[in-house]
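Peer 1: Below is the file final.cif, which contains mmCIF, C-alpha atoms.
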data_entry
loop_
_atom_site.label_atom_id
_atom_site.label_comp_id
_atom_site.auth_asym_id
_atom_site.auth_seq_id
_atom_site.Cartn_x
_atom_site.Cartn_y
_atom_site.Cartn_z
CA MET A 7 -112.92 68.53 92.88
CA PRO A 8 -110.08 70.54 91.29
CA THR A 9 -108.06 69.42 88.28
CA ILE A 10 -106.10 66.24 88.99
CA HIS A 11 -102.89 65.67 87.04
CA TYR A 12 -101.86 62.00 86.87
CA LEU A 13 -98.12 61.87 86.13
CA THR A 14 -96.40 58.62 85.13
CA THR A 15 -93.23 59.67 83.27
CA ALA A 16 -90.05 61.51 84.21
CA GLU A 17 -90.46 64.65 82.07
CA PRO A 18 -93.83 65.88 83.44
CA ILE A 19 -92.72 64.95 86.97
CA ALA A 20 -89.63 67.12 86.56
CA ALA A 21 -91.78 69.96 85.18
CA ALA A 22 -94.18 69.68 88.13
CA ALA A 23 -91.24 69.67 90.56
CA ALA A 24 -89.86 72.83 88.97
CA HIS A 25 -93.27 74.43 89.55
CA PHE A 26 -93.37 73.25 93.20
CA ALA A 27 -89.90 74.73 93.78
CA THR A 28 -91.29 78.22 93.12
CA LEU A 29 -94.05 77.94 95.72
CA PRO A 30 -93.96 78.91 99.40
CA ARG A 31 -95.64 75.63 100.34
CA ILE A 32 -97.09 72.39 99.01
CA GLY A 33 -99.49 69.88 100.53
CA ILE A 34 -98.14 66.35 100.33
CA ASP A 35 -98.97 62.76 101.20
CA LEU A 36 -97.64 59.32 100.28
CA GLU A 37 -99.38 56.03 99.65
CA PHE A 38 -97.18 53.00 100.22
CA ASP A 39 -97.32 49.32 100.93
CA ASP A 40 -95.81 48.22 104.24
CA MET A 41 -95.58 44.40 104.28
CA ARG A 42 -99.23 44.17 103.24
CA HIS A 43 -99.07 42.92 99.65
CA ARG A 44 -95.32 42.64 99.03
CA TYR A 45 -92.14 42.11 101.04
CA GLY A 46 -90.75 45.31 102.53
CA ARG A 47 -91.94 48.88 102.15
CA HIS A 48 -92.76 50.18 98.67
CA LEU A 49 -93.72 53.66 97.55
CA ALA A 50 -96.92 53.50 95.51
CA LEU A 51 -98.06 57.11 94.98
CA ILE A 52 -97.13 60.68 95.86
CA GLN A 53 -99.90 63.27 96.11
CA VAL A 54 -99.08 66.99 95.92
CA PHE A 55 -101.40 70.03 96.18
CA ASP A 56 -100.12 73.40 94.98
CA GLY A 57 -103.04 75.42 96.33
CA VAL A 58 -105.09 75.11 93.15
CA GLU A 59 -104.52 71.71 91.54
CA VAL A 60 -103.65 68.19 92.66
CA TYR A 61 -100.81 66.14 91.22
CA LEU A 62 -100.82 62.36 91.56
CA ILE A 63 -97.29 61.19 90.86
CA ASP A 64 -97.17 57.46 90.06
CA PRO A 65 -93.67 56.05 90.64
CA LEU A 66 -94.40 52.49 89.54
CA PRO A 67 -94.05 53.00 85.75
CA LEU A 68 -90.74 54.86 86.13
CA PRO A 69 -87.74 52.89 84.81
CA ASP A 70 -85.44 54.34 87.51
CA MET A 71 -87.68 55.40 90.38
CA ALA A 72 -85.04 57.13 92.51
CA ALA A 73 -83.45 59.03 89.62
CA ASP A 74 -86.74 59.99 87.99
CA LEU A 75 -88.16 61.27 91.27
CA GLU A 76 -85.01 63.21 92.18
CA PRO A 77 -86.40 66.59 91.00
CA LEU A 78 -89.28 66.13 93.45
CA PHE A 79 -86.94 64.91 96.18
CA ALA A 80 -84.89 68.09 95.72
CA VAL A 81 -88.03 70.08 96.57
CA LEU A 82 -88.60 67.94 99.67
CA ARG A 83 -85.04 68.71 100.80
CA ASP A 84 -85.43 72.43 100.11
CA PRO A 85 -86.13 74.39 103.32
CA ALA A 86 -87.51 77.30 101.26
CA VAL A 87 -90.65 75.29 100.44
CA ALA A 88 -92.90 74.28 103.36
CA LYS A 89 -94.26 70.73 103.15
CA VAL A 90 -97.70 70.43 104.74
CA PHE A 91 -98.47 66.86 105.83
CA HIS A 92 -100.95 65.19 108.12
CA SER A 93 -99.31 62.70 110.50
CA CYS A 94 -96.11 62.54 108.50
CA LYS A 95 -93.81 60.19 110.44
CA SER A 96 -94.52 57.08 108.38
CA ASP A 97 -94.03 59.08 105.18
CA ILE A 98 -90.72 60.66 106.17
CA LEU A 99 -89.43 57.34 107.52
CA LEU A 100 -90.16 55.70 104.15
CA LEU A 101 -88.47 58.54 102.28
CA ASP A 102 -85.39 58.12 104.45
CA GLU A 103 -85.36 54.31 104.36
CA VAL A 104 -85.93 53.78 100.65
CA PHE A 105 -84.47 56.93 99.06
CA SER A 106 -82.28 58.53 101.78
CA VAL A 107 -84.36 61.71 101.48
CA ASN A 108 -84.39 64.00 104.50
CA CYS A 109 -87.50 66.16 104.26
CA ARG A 110 -87.05 69.79 105.41
CA ASN A 111 -89.48 72.52 106.55
CA ILE A 112 -92.31 70.25 107.64
CA VAL A 113 -95.70 71.48 108.83
CA ASP A 114 -97.76 68.64 110.30
CA THR A 115 -101.45 69.31 110.90
CA SER A 116 -101.56 66.36 113.32
CA VAL A 117 -98.86 68.04 115.42
CA GLN A 118 -100.73 71.33 115.30
CA PHE A 119 -103.97 69.72 116.44
CA THR A 120 -102.23 67.84 119.25
CA LEU A 121 -100.79 71.08 120.63
CA LEU A 122 -104.28 72.48 121.00
CA ALA A 123 -104.63 69.82 123.74
CA ALA A 124 -108.25 69.25 122.77
CA GLU A 125 -107.95 65.50 123.28
CA ASP A 126 -105.30 62.91 124.09
CA ASN A 127 -105.11 60.80 120.98
CA ASN A 128 -103.85 61.66 117.51
CA ILE A 129 -106.64 62.58 115.16
CA SER A 130 -107.11 61.03 111.72
CA LEU A 131 -107.26 63.28 108.69
CA GLY A 132 -110.88 62.32 108.05
CA ARG A 133 -111.92 63.26 111.58
CA LEU A 134 -109.94 66.50 111.43
CA ILE A 135 -111.63 67.51 108.18
CA GLN A 136 -115.01 66.74 109.71
CA ALA A 137 -114.22 68.62 112.94
CA GLU A 138 -112.68 71.70 111.31
CA LEU A 139 -114.40 71.94 107.92
CA GLY A 140 -117.74 70.35 108.71
CA PHE A 141 -118.01 67.60 106.09
CA GLU A 142 -116.94 64.00 105.57
CA VAL A 143 -114.58 62.63 102.95
CA ASP A 144 -114.81 59.06 101.68
CA LYS A 145 -112.10 56.90 103.32
CA GLY A 146 -113.24 53.66 101.71
CA GLU A 147 -110.01 53.20 99.74
CA GLN A 148 -107.73 53.52 102.76
CA LYS A 149 -106.79 49.83 102.83
CA SER A 150 -106.88 49.15 99.11
CA ASN A 151 -103.90 47.72 97.26
CA TRP A 152 -102.01 50.84 96.16
CA LEU A 153 -99.50 48.75 94.21
CA LYS A 154 -102.17 47.40 91.86
CA ARG A 155 -102.55 49.10 88.51
CA PRO A 156 -104.49 50.69 86.99
CA LEU A 157 -105.67 52.86 89.86
CA THR A 158 -109.43 53.23 90.03
CA GLU A 159 -111.15 56.60 89.88
CA ALA A 160 -112.20 56.06 93.50
CA GLN A 161 -108.56 55.59 94.50
CA LYS A 162 -107.53 58.74 92.65
CA GLU A 163 -110.26 60.77 94.33
CA TYR A 164 -109.32 59.35 97.74
CA ALA A 165 -105.65 60.17 97.14
CA ALA A 166 -106.51 63.72 96.05
CA ASN A 167 -108.61 64.28 99.17
CA ASP A 168 -105.57 63.44 101.32
CA VAL A 169 -103.89 66.68 100.22
CA LEU A 170 -106.71 68.88 98.98
CA TYR A 171 -107.68 70.31 102.39
CA LEU A 172 -104.26 70.54 104.04
CA PHE A 173 -103.76 74.28 103.45
CA GLU A 174 -107.17 75.17 104.87
CA LEU A 175 -106.59 72.92 107.88
CA THR A 176 -103.12 74.23 108.70
CA ASP A 177 -104.26 77.83 108.35
CA ARG A 178 -107.15 77.28 110.76
CA LEU A 179 -104.98 75.40 113.26
CA SER A 180 -102.19 77.99 113.00
CA ALA A 181 -104.62 80.78 113.83
CA ARG A 182 -105.91 78.93 116.90
CA LEU A 183 -102.37 78.16 118.10
CA LEU A 184 -101.45 81.82 117.66
CA GLU A 185 -104.43 82.88 119.76
CA LEU A 186 -103.30 80.51 122.52
CA GLY A 187 -99.68 81.69 122.33
CA ARG A 188 -98.54 78.27 121.11
CA ALA A 189 -97.35 79.04 117.58
CA ASP A 190 -93.72 78.65 118.63
CA TRP A 191 -94.55 75.27 120.18
CA ALA A 192 -95.63 74.01 116.77
CA THR A 193 -92.48 75.42 115.19
CA GLN A 194 -90.34 73.49 117.67
CA GLU A 195 -92.24 70.23 117.19
CA ASN A 196 -92.21 70.49 113.40
CA LEU A 197 -88.49 71.27 113.37
CA ALA A 198 -87.87 68.12 115.43
CA LEU A 199 -89.49 66.05 112.66
CA GLU A 200 -86.55 66.88 110.39
CA ALA A 201 -84.37 64.71 112.65
CA VAL A 202 -86.58 61.60 112.36
CA ARG A 203 -84.58 58.81 110.76
CA TYR A 204 -85.19 55.18 109.88
CA GLY A 205 -83.37 52.77 112.22
CA ARG A 206 -81.34 50.56 109.92
CA ASP A 207 -79.49 48.43 112.49
CA ASP A 208 -81.57 45.84 114.32
CA PRO A 209 -79.41 42.87 115.33
CA ARG A 210 -82.38 40.92 116.73
CA PRO A 211 -85.52 41.67 114.71
CA TRP A 212 -87.24 38.52 116.02
CA SER A 213 -87.21 39.99 119.51
CA ARG A 214 -89.70 42.67 118.39
CA ASN A 215 -92.26 40.14 117.15
CA ALA A 216 -95.34 40.01 119.39
CA ALA A 217 -95.53 36.21 119.10
CA LYS A 218 -92.44 35.88 121.29
CA TYR A 219 -94.69 36.37 124.33
CA LYS A 220 -96.35 33.03 123.55
CA ILE A 221 -93.16 31.00 123.99
CA THR A 222 -90.64 30.30 126.75
CA ALA A 223 -87.05 31.49 126.92
CA GLN A 224 -85.91 27.93 126.13
CA GLU A 225 -87.93 27.99 122.91
CA MET A 226 -86.49 31.32 121.74
CA PRO A 227 -83.60 29.80 119.69
CA ILE A 228 -86.12 27.81 117.62
CA PHE A 229 -88.35 30.88 117.32
CA ARG A 230 -85.34 32.89 116.11
CA GLU A 231 -84.43 30.39 113.40
CA LEU A 232 -88.03 30.03 112.26
CA TYR A 233 -88.37 33.80 112.08
CA MET A 234 -85.24 34.11 109.95
CA LEU A 235 -86.30 31.26 107.66
CA ARG A 236 -89.74 32.83 107.21
CA ASP A 237 -88.10 36.13 106.34
CA ALA A 238 -85.82 34.51 103.74
CA VAL A 239 -88.76 32.78 102.04
CA ALA A 240 -90.87 35.94 102.12
CA ARG A 241 -88.05 37.96 100.57
CA GLN A 242 -87.60 35.38 97.79
CA LEU A 243 -91.32 35.26 97.05
CA ASP A 244 -91.74 39.04 97.45
CA ARG A 245 -94.61 38.40 99.84
CA PRO A 246 -95.27 39.67 103.36
CA PRO A 247 -93.88 37.26 105.98
CA TYR A 248 -97.34 36.53 107.37
CA HIS A 249 -98.24 35.05 103.95
CA VAL A 250 -95.49 32.48 104.52
CA LEU A 251 -96.24 31.73 108.17
CA SER A 252 -98.55 33.58 110.54
CA ASN A 253 -97.22 34.86 113.86
CA ASP A 254 -99.46 32.43 115.74
CA ARG A 255 -98.17 29.50 113.67
CA LEU A 256 -94.62 30.74 114.21
CA ALA A 257 -95.10 30.45 117.98
CA GLU A 258 -96.79 27.05 117.64
CA LEU A 259 -93.86 25.65 115.67
CA ALA A 260 -91.42 27.07 118.20
CA ARG A 261 -93.29 25.17 120.93
CA ASN A 262 -93.75 22.00 118.85
CA PRO A 263 -91.16 21.95 116.06
CA LEU A 264 -91.49 19.72 113.02
CA GLU A 265 -88.99 16.87 113.10
CA THR A 266 -89.94 14.47 110.29
CA ALA A 267 -90.90 14.69 106.63
CA LEU A 268 -94.23 13.09 107.48
CA GLN A 269 -95.00 15.83 110.01
CA LEU A 270 -94.01 18.46 107.47
CA ARG A 271 -96.26 17.04 104.74
CA GLY A 272 -99.27 17.06 107.09
CA ALA A 273 -98.57 20.45 108.63
CA ASN A 274 -101.16 23.18 108.11
CA GLY A 275 -100.65 26.92 107.86
CA LEU A 276 -97.37 26.78 105.93
CA HIS A 277 -96.73 28.34 102.54
CA PRO A 278 -96.09 25.55 99.98
CA GLU A 279 -92.55 26.86 99.46
CA LEU A 280 -91.68 25.77 103.01
CA LYS A 281 -92.43 22.19 101.99
CA ARG A 282 -90.02 22.30 99.04
CA SER A 283 -86.23 22.02 98.93
CA PRO A 284 -84.14 23.69 100.22
CA TYR A 285 -86.50 25.27 102.76
CA ALA A 286 -88.08 21.96 103.80
CA GLU A 287 -84.69 20.61 104.87
CA GLN A 288 -83.89 23.84 106.70
CA LEU A 289 -87.23 23.76 108.51
CA LEU A 290 -86.69 20.18 109.69
CA ALA A 291 -83.12 20.97 110.72
CA ILE A 292 -84.45 23.70 113.03
CA GLY A 293 -86.59 21.12 114.82
CA THR A 294 -83.86 18.50 115.13
CA THR A 295 -80.74 20.57 115.88
CA ASP A 296 -79.48 21.62 119.29
CA LEU A 297 -79.55 25.38 118.74
CA GLU A 298 -77.41 27.87 120.59
CA PRO A 299 -79.18 30.64 122.52
CA ASP A 300 -78.67 34.24 121.45
CA ALA A 301 -75.19 35.49 122.23
CA PRO A 302 -75.10 38.12 124.96
CA ILE A 303 -75.35 41.66 123.66
CA PRO A 304 -72.11 43.60 124.30
CA ALA A 305 -72.43 45.87 127.32
CA GLU A 306 -72.15 49.03 125.21
CA GLN A 307 -75.11 47.93 123.07
CA ARG A 308 -77.46 46.98 125.87
CA LYS A 309 -80.56 49.09 126.24
CA PHE A 310 -81.74 48.22 129.71
CA PRO A 311 -84.01 50.86 131.21
CA PHE A 312 -81.96 53.33 133.20
CA ARG A 313 -83.70 52.51 136.48
CA ARG A 314 -82.73 48.83 136.25
CA ARG A 315 -79.07 49.82 136.38
CA LEU A 316 -79.43 51.53 139.75
CA SER A 317 -79.34 50.31 143.33
CA GLY A 318 -78.78 51.68 146.82
CA PRO A 319 -78.47 55.47 147.23
CA ALA A 320 -78.56 56.03 143.46
CA ALA A 321 -81.91 54.28 143.21
CA ALA A 322 -83.21 56.39 146.09
CA ARG A 323 -82.15 59.56 144.25
CA ALA A 324 -83.93 58.36 141.11
CA ASP A 325 -87.05 57.64 143.17
CA ALA A 326 -86.94 61.19 144.54
CA ARG A 327 -86.71 62.62 141.01
CA GLU A 328 -89.65 60.49 139.94
CA ALA A 329 -91.72 61.60 142.94
CA LEU A 330 -91.03 65.23 142.10
CA LEU A 331 -91.98 64.69 138.45
CA MET A 332 -95.21 62.97 139.42
CA ALA A 333 -96.04 65.92 141.69
CA LEU A 334 -95.29 68.31 138.83
CA LYS A 335 -97.52 66.30 136.53
CA GLY A 336 -100.34 66.75 139.01
CA HIS A 337 -99.71 70.49 139.07
CA LEU A 338 -99.70 70.63 135.26
CA ALA A 339 -103.03 68.81 135.19
CA THR A 340 -104.44 71.36 137.64
CA ASP A 341 -103.05 74.34 135.73
CA HIS A 342 -103.53 73.18 132.13
CA GLY A 343 -105.57 69.96 132.09
CA SER A 344 -104.65 66.28 131.95
CA THR A 345 -104.08 66.25 128.17
CA MET A 346 -101.37 68.90 128.41
CA ALA A 347 -99.90 67.21 131.49
CA ASN A 348 -99.49 64.00 129.49
CA MET A 349 -97.90 65.87 126.59
CA VAL A 350 -95.24 67.37 128.85
CA LEU A 351 -94.78 64.48 131.28
CA SER A 352 -95.78 61.22 129.65
CA ASN A 353 -94.46 58.05 131.28
CA ARG A 354 -91.73 57.86 128.64
CA LEU A 355 -90.69 61.47 129.17
CA ILE A 356 -90.64 61.03 132.94
CA ALA A 357 -88.22 58.10 132.51
CA ASP A 358 -86.08 60.19 130.15
CA ILE A 359 -86.00 63.17 132.51
CA ILE A 360 -84.95 61.02 135.47
CA GLU A 361 -81.90 59.95 133.47
CA LEU A 362 -81.17 62.90 131.17
CA GLY A 363 -82.74 65.93 132.85
CA THR A 364 -85.29 68.33 131.40
CA GLU A 365 -82.80 70.25 129.23
CA ALA A 366 -82.01 67.14 127.17
CA ALA A 367 -85.39 65.38 127.30
CA LEU A 368 -87.88 68.20 126.66
CA ARG A 369 -88.49 70.80 124.00
CA PRO A 370 -88.04 74.43 125.14
CA TRP A 371 -91.81 75.00 125.27
CA GLN A 372 -92.23 71.96 127.53
CA GLN A 373 -89.39 73.11 129.77
CA GLN A 374 -90.93 76.56 130.16
CA LEU A 375 -94.40 75.23 130.92
CA LEU A 376 -92.98 72.83 133.50
CA LYS A 377 -90.77 75.49 135.05
CA ASP A 378 -93.67 77.93 135.37
CA SER A 379 -95.82 75.29 137.05
CA ALA A 380 -92.98 74.36 139.43
CA GLU A 381 -92.46 77.99 140.45
CA LYS A 382 -96.20 78.50 140.95
CA HIS A 383 -96.44 75.50 143.29
CA GLY A 384 -93.10 75.92 145.07
CA GLU A 385 -91.37 72.85 143.61
CA ASP A 386 -87.60 72.55 143.01
CA TYR A 387 -87.40 72.55 139.21
CA ALA A 388 -83.61 73.10 139.23
CA SER A 389 -83.10 69.64 140.73
CA ILE A 390 -84.30 67.91 137.55
CA GLU A 391 -82.77 70.18 134.89
CA GLN A 392 -79.47 68.33 134.62
CA PRO A 393 -78.66 64.65 133.94
CA PHE A 394 -78.86 62.23 136.82
#
The structure in this file should be written as structure tokens.

Peer 2:
Amino acid sequence: MPTIHYLTTAEPIAAAAAHFATLPRIGIDLEFDDMRHRYGRHLALIQVFDGVEVYLIDPLPLPDMAADLEPLFAVLRDPAVAKVFHSCKSDILLLDEVFSVNCRNIVDTSVQFTLLAAEDNNISLGRLIQAELGFEVDKGEQKSNWLKRPLTEAQKEYAANDVLYLFELTDRLSARLLELGRADWATQENLALEAVRYGRDDPRPWSRNAAKYKITAQEMPIFRELYMLRDAVARQLDRPPYHVLSNDRLAELARNPLETALQLRGANGLHPELKRSPYAEQLLAIGTTDLEPDAPIPAEQRKFPFRRRLSGPAAARADAREALLMALKGHLATDHGSTMANMVLSNRLIADIIELGTEAALRPWQQQLLKDSAEKHGEDYASIEQPF
């Protein structure tokens, strides 16, 4: 294990960032809590590898986290320094959501491995280390509470291992992609990661909760109000919403709402705060009030699948585009294997191409691969290039 620097104050963090700014690349990873121990998403640790030593940057003791981490954030924004991650989307979403940091010049070893088309699913860092480097790293601290202090030595070692092997992994994967003629594919995919942003506007967050499938449409207004009440209590307590009310209990109360103080006192599975004023009164009001259903979403905000908006000849044209794409997917599987076929023409991408065309829906490398396969098998690629 190399030297591990544990940084907890602004001055050494700024000095480390100045060092990182002089390097061609850094390995980086984040530990954060996502509605597991507290309400919301909270940065807990930043790990950086400079090629020789590991830096564990602890943001929790900082009096002004955003300001004190700004020298490091400047490095993340700097396209002159490559940032080597493994499976970075959650990390860059958190950086954007919490600090409005747009990370530039990303190299993702998960993306690189996926483009080898060795298997369908994304590979974990532990499995990639084992597959490429031939040994196992201890992942026992993966689900530990990263907001709890002090960090244990096991946590520090785990965190260091998350960045320690990134350079060796990316170099190996880059060489294999180059041999296959796919280095530019990785460049395109990594560049696309710079555009990943956190979606801040969700007018109906309750509609994304899996428990909604356990209730009827008529019960949705109660479910909505319970969801919002649970969220308000969780925010006040700084606890994850499931600590206040589980999803299963949320659906149960939507089906059988509490209507009396006696029912509330005997109810199980509720955080005690829900039985105290003012939340107790709000909870009972949900069960005894004639609630309005959700207002219709304005037409310009509706996100119905494209195919549901079609009928008659237009639907027939869409069906023809889909049939052609399915035929092309079969050809891709024959020419390059089923894993590559799914990477170029997944179900989601097929739906996007039907509506938007290949030029808008696919990366250049995907377009070229699909075009070559179409020409080889005598299919009309030009008919799907442009929007519907």

Peer 1: To test the calculation: enclose all listed atoms of range 201-213 of chain A in a box whose edges run along x, y and z, add 8 Å on each side, then state centre and edge lengths in Å to one decimal, as JSON.

Peer 2:
{"center_x": -83.3, "center_y": 51.6, "center_z": 114.7, "size_x": 23.8, "size_y": 42.2, "size_z": 25.6}

Peer 1: To verify the selection step, state as a VMD selection string which residues the PyMOL selection byres ((chain A and resi 254) around 10) yields on this input.

Peer 2: chain A and resid 216 to 218 220 248 251 to 253 255 to 260 275

Peer 1: Using the chain letters and numbering of this document, enumerate as a PyMOL selection string the residues selected by the PyMOL selection byres ((chain A and resi 181-197) around 6).

Peer 2: chain A and resi 112-113+118+178-180+198-200+371

Peer 1: Mind checking which residues fall within 8 Å of Trp212 in chain A, counting only C-alpha atoms, ignoring those fewer than 5 positions away in the same chain, and posting them as an mmCIF file with C-alpha atoms, keeping the file's coordinate frame?

Peer 2:
data_model
loop_
_atom_site.group_PDB
_atom_site.id
_atom_site.type_symbol
_atom_site.label_atom_id
_atom_site.label_comp_id
_atom_site.auth_asym_id
_atom_site.auth_seq_id
_atom_site.Cartn_x
_atom_site.Cartn_y
_atom_site.Cartn_z
ATOM 1 C CA LYS A 218 -92.440 35.880 121.290
ATOM 2 C CA PHE A 229 -88.350 30.880 117.320
ATOM 3 C CA ARG A 230 -85.340 32.890 116.110
ATOM 4 C CA TYR A 233 -88.370 33.800 112.080
ATOM 5 C CA MET A 234 -85.240 34.110 109.950
#

Peer 1: I'd like the interatomic distance between CA of Val143 in chain A and CA of Gln161 in chain A, to a tenth of an Å.

Peer 2: 12.5 Å

Peer 1: Using the chain letters and numbers from the file, which residues does the PyMOL selection byres ((chain A and resi 71) around 12) grab, as a list in words?

Peer 2: Thr14, Thr15, Ala16, Ile19, His48, Leu49, Ala50, Leu51, Ile63, Asp64, Pro65, Leu66, Pro67, Leu68, Pro69, Asp70, Ala72, Ala73, Asp74, Leu75, Glu76, Pro77, Leu78, Phe79, Val104 and Phe105 of chain A

Peer 1: Write out as a count of residues only each polymer residue whose atoms come within 12 Å of His43 in chain A, counting only C-alpha atoms; drop sequence neighbours fewer than 6 positions from it.

Peer 2: 15

Peer 1: Write out as a VMD selection string the residues lying within 12 Å of Phe141 in chain A, counting only C-alpha atoms and excluding same-chain residues fewer than 5 positions away.

Peer 2: chain A and resid 131 to 136 171

Peer 1: Nearest to Val54 in chain A: which of A:Asn167, A:Ser93, A:Gln372, A:Asn274 is it, counting only C-alpha atoms?

Peer 2: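 Ranking A:Asn167, A:Ser93, A:Gln372, A:Asn274 by distance to Val54 in chain A, first place goes to A:Asn167.
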
Peer 1: May I ask for the distance between CA of Leu290 in chain A and CA of Asp207 in chain A, given in Å to one decimal place?

Peer 2: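 These two atoms are separated by 29.3 Å.
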
Peer 1: Given the point (-85.0, 49.3, 104.9) in the file's coordinates, find the residues that have an atom at most 12 Å from it, counting all atoms listed in the file, and give them as a list in words.

Peer 2: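 The residues that fall inside the cut-off are Asp40, Met41, Tyr45, Gly46, Arg47, His48, Leu99, Leu100, Leu101, Asp102, Glu103, Val104, Phe105, Ser106, Arg203, Tyr204, Gly205, Arg206, Asp207 and Asp208 of chain A.
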
Peer 1: Which is closer to Asp84 in chain A than all the others in A:Cys109, A:Leu36, A:Met7, A:Leu375, using all atoms listed in the file?

Peer 2: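 Distance minimum relative to Asp84 in chain A lands on A:Cys109.
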
Peer 1: Ranking A:Pro299, A:Ala88, A:Val107, A:Ser389 by minimum distance to Ala201 in chain A and counting all atoms listed in the file, which one comes first?

Peer 2: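 Once distances to Ala201 in chain A are computed over all atoms listed in the file, the minimum belongs to A:Val107.
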
Peer 1: Could you list, as a PyMOL selection string, every residue within 12 Å of Arg271 in chain A, counting all atoms listed in the file and ignoring same-chain residues fewer than 3 positions away?

Peer 2: chain A and resi 264-268+274-282+286+289-290

Peer 1: What would the file look like if the residues just selected were written as an mmCIF file, in the coordinates of the input with C-alpha atoms?

Peer 2:
data_model
loop_
_atom_site.group_PDB
_atom_site.id
_atom_site.type_symbol
_atom_site.label_atom_id
_atom_site.label_comp_id
_atom_site.auth_asym_id
_atom_site.auth_seq_id
_atom_site.Cartn_x
_atom_site.Cartn_y
_atom_site.Cartn_z
ATOM 1 C CA LEU A 264 -91.490 19.720 113.020
ATOM 2 C CA GLU A 265 -88.990 16.870 113.100
ATOM 3 C CA THR A 266 -89.940 14.470 110.290
ATOM 4 C CA ALA A 267 -90.900 14.690 106.630
ATOM 5 C CA LEU A 268 -94.230 13.090 107.480
ATOM 6 C CA ASN A 274 -101.160 23.180 108.110
ATOM 7 C CA GLY A 275 -100.650 26.920 107.860
ATOM 8 C CA LEU A 276 -97.370 26.780 105.930
ATOM 9 C CA HIS A 277 -96.730 28.340 102.540
ATOM 10 C CA PRO A 278 -96.090 25.550 99.980
ATOM 11 C CA GLU A 279 -92.550 26.860 99.460
ATOM 12 C CA LEU A 280 -91.680 25.770 103.010
ATOM 13 C CA LYS A 281 -92.430 22.190 101.990
ATOM 14 C CA ARG A 282 -90.020 22.300 99.040
ATOM 15 C CA ALA A 286 -88.080 21.960 103.800
ATOM 16 C CA LEU A 289 -87.230 23.760 108.510
ATOM 17 C CA LEU A 290 -86.690 20.180 109.690
#

Peer 1: For range 232-236 of chain A, which lacks atoms in the input, supply all heavy atoms and format the output as a tab-separated table (two decimals), in the coordinates of the input.

Peer 2:
chain	number	residue	atom	x	y	z
A	232	LEU	N	-86.81	30.04	113.05
A	232	LEU	CA	-88.03	30.03	112.26
A	232	LEU	C	-88.33	31.41	111.69
A	232	LEU	O	-88.74	31.56	110.54
A	232	LEU	CB	-89.21	29.55	113.10
A	232	LEU	CG	-89.23	28.07	113.48
A	232	LEU	CD1	-90.31	27.81	114.52
A	232	LEU	CD2	-89.44	27.19	112.24
A	233	TYR	N	-88.14	32.42	112.52
A	233	TYR	CA	-88.37	33.80	112.08
A	233	TYR	C	-87.46	34.14	110.90
A	233	TYR	O	-87.92	34.72	109.90
A	233	TYR	CB	-88.11	34.76	113.25
A	233	TYR	CG	-88.27	36.22	112.91
A	233	TYR	CD1	-89.47	36.88	113.17
A	233	TYR	CD2	-87.23	36.94	112.32
A	233	TYR	CE1	-89.62	38.22	112.85
A	233	TYR	CE2	-87.38	38.27	111.99
A	233	TYR	CZ	-88.57	38.91	112.26
A	233	TYR	OH	-88.72	40.24	111.94
A	234	MET	N	-86.18	33.79	111.01
A	234	MET	CA	-85.24	34.11	109.95
A	234	MET	C	-85.52	33.32	108.67
A	234	MET	O	-85.38	33.84	107.56
A	234	MET	CB	-83.81	33.86	110.44
A	234	MET	CG	-83.41	34.74	111.62
A	234	MET	SD	-83.57	36.52	111.29
A	234	MET	CE	-82.24	36.74	110.10
A	235	LEU	N	-85.94	32.06	108.82
A	235	LEU	CA	-86.30	31.26	107.66
A	235	LEU	C	-87.54	31.85	106.98
A	235	LEU	O	-87.60	31.96	105.75
A	235	LEU	CB	-86.56	29.81	108.07
A	235	LEU	CG	-87.01	28.86	106.95
A	235	LEU	CD1	-85.96	28.78	105.85
A	235	LEU	CD2	-87.31	27.48	107.52
A	236	ARG	N	-88.54	32.21	107.77
A	236	ARG	CA	-89.74	32.83	107.21
A	236	ARG	C	-89.39	34.09	106.45
A	236	ARG	O	-89.90	34.34	105.35
A	236	ARG	CB	-90.73	33.16	108.34
A	236	ARG	CG	-92.01	33.81	107.85
A	236	ARG	CD	-92.96	34.15	108.97
A	236	ARG	NE	-92.57	35.34	109.73
A	236	ARG	CZ	-93.39	36.02	110.53
A	236	ARG	NH1	-94.64	35.62	110.69
A	236	ARG	NH2	-92.97	37.07	111.19
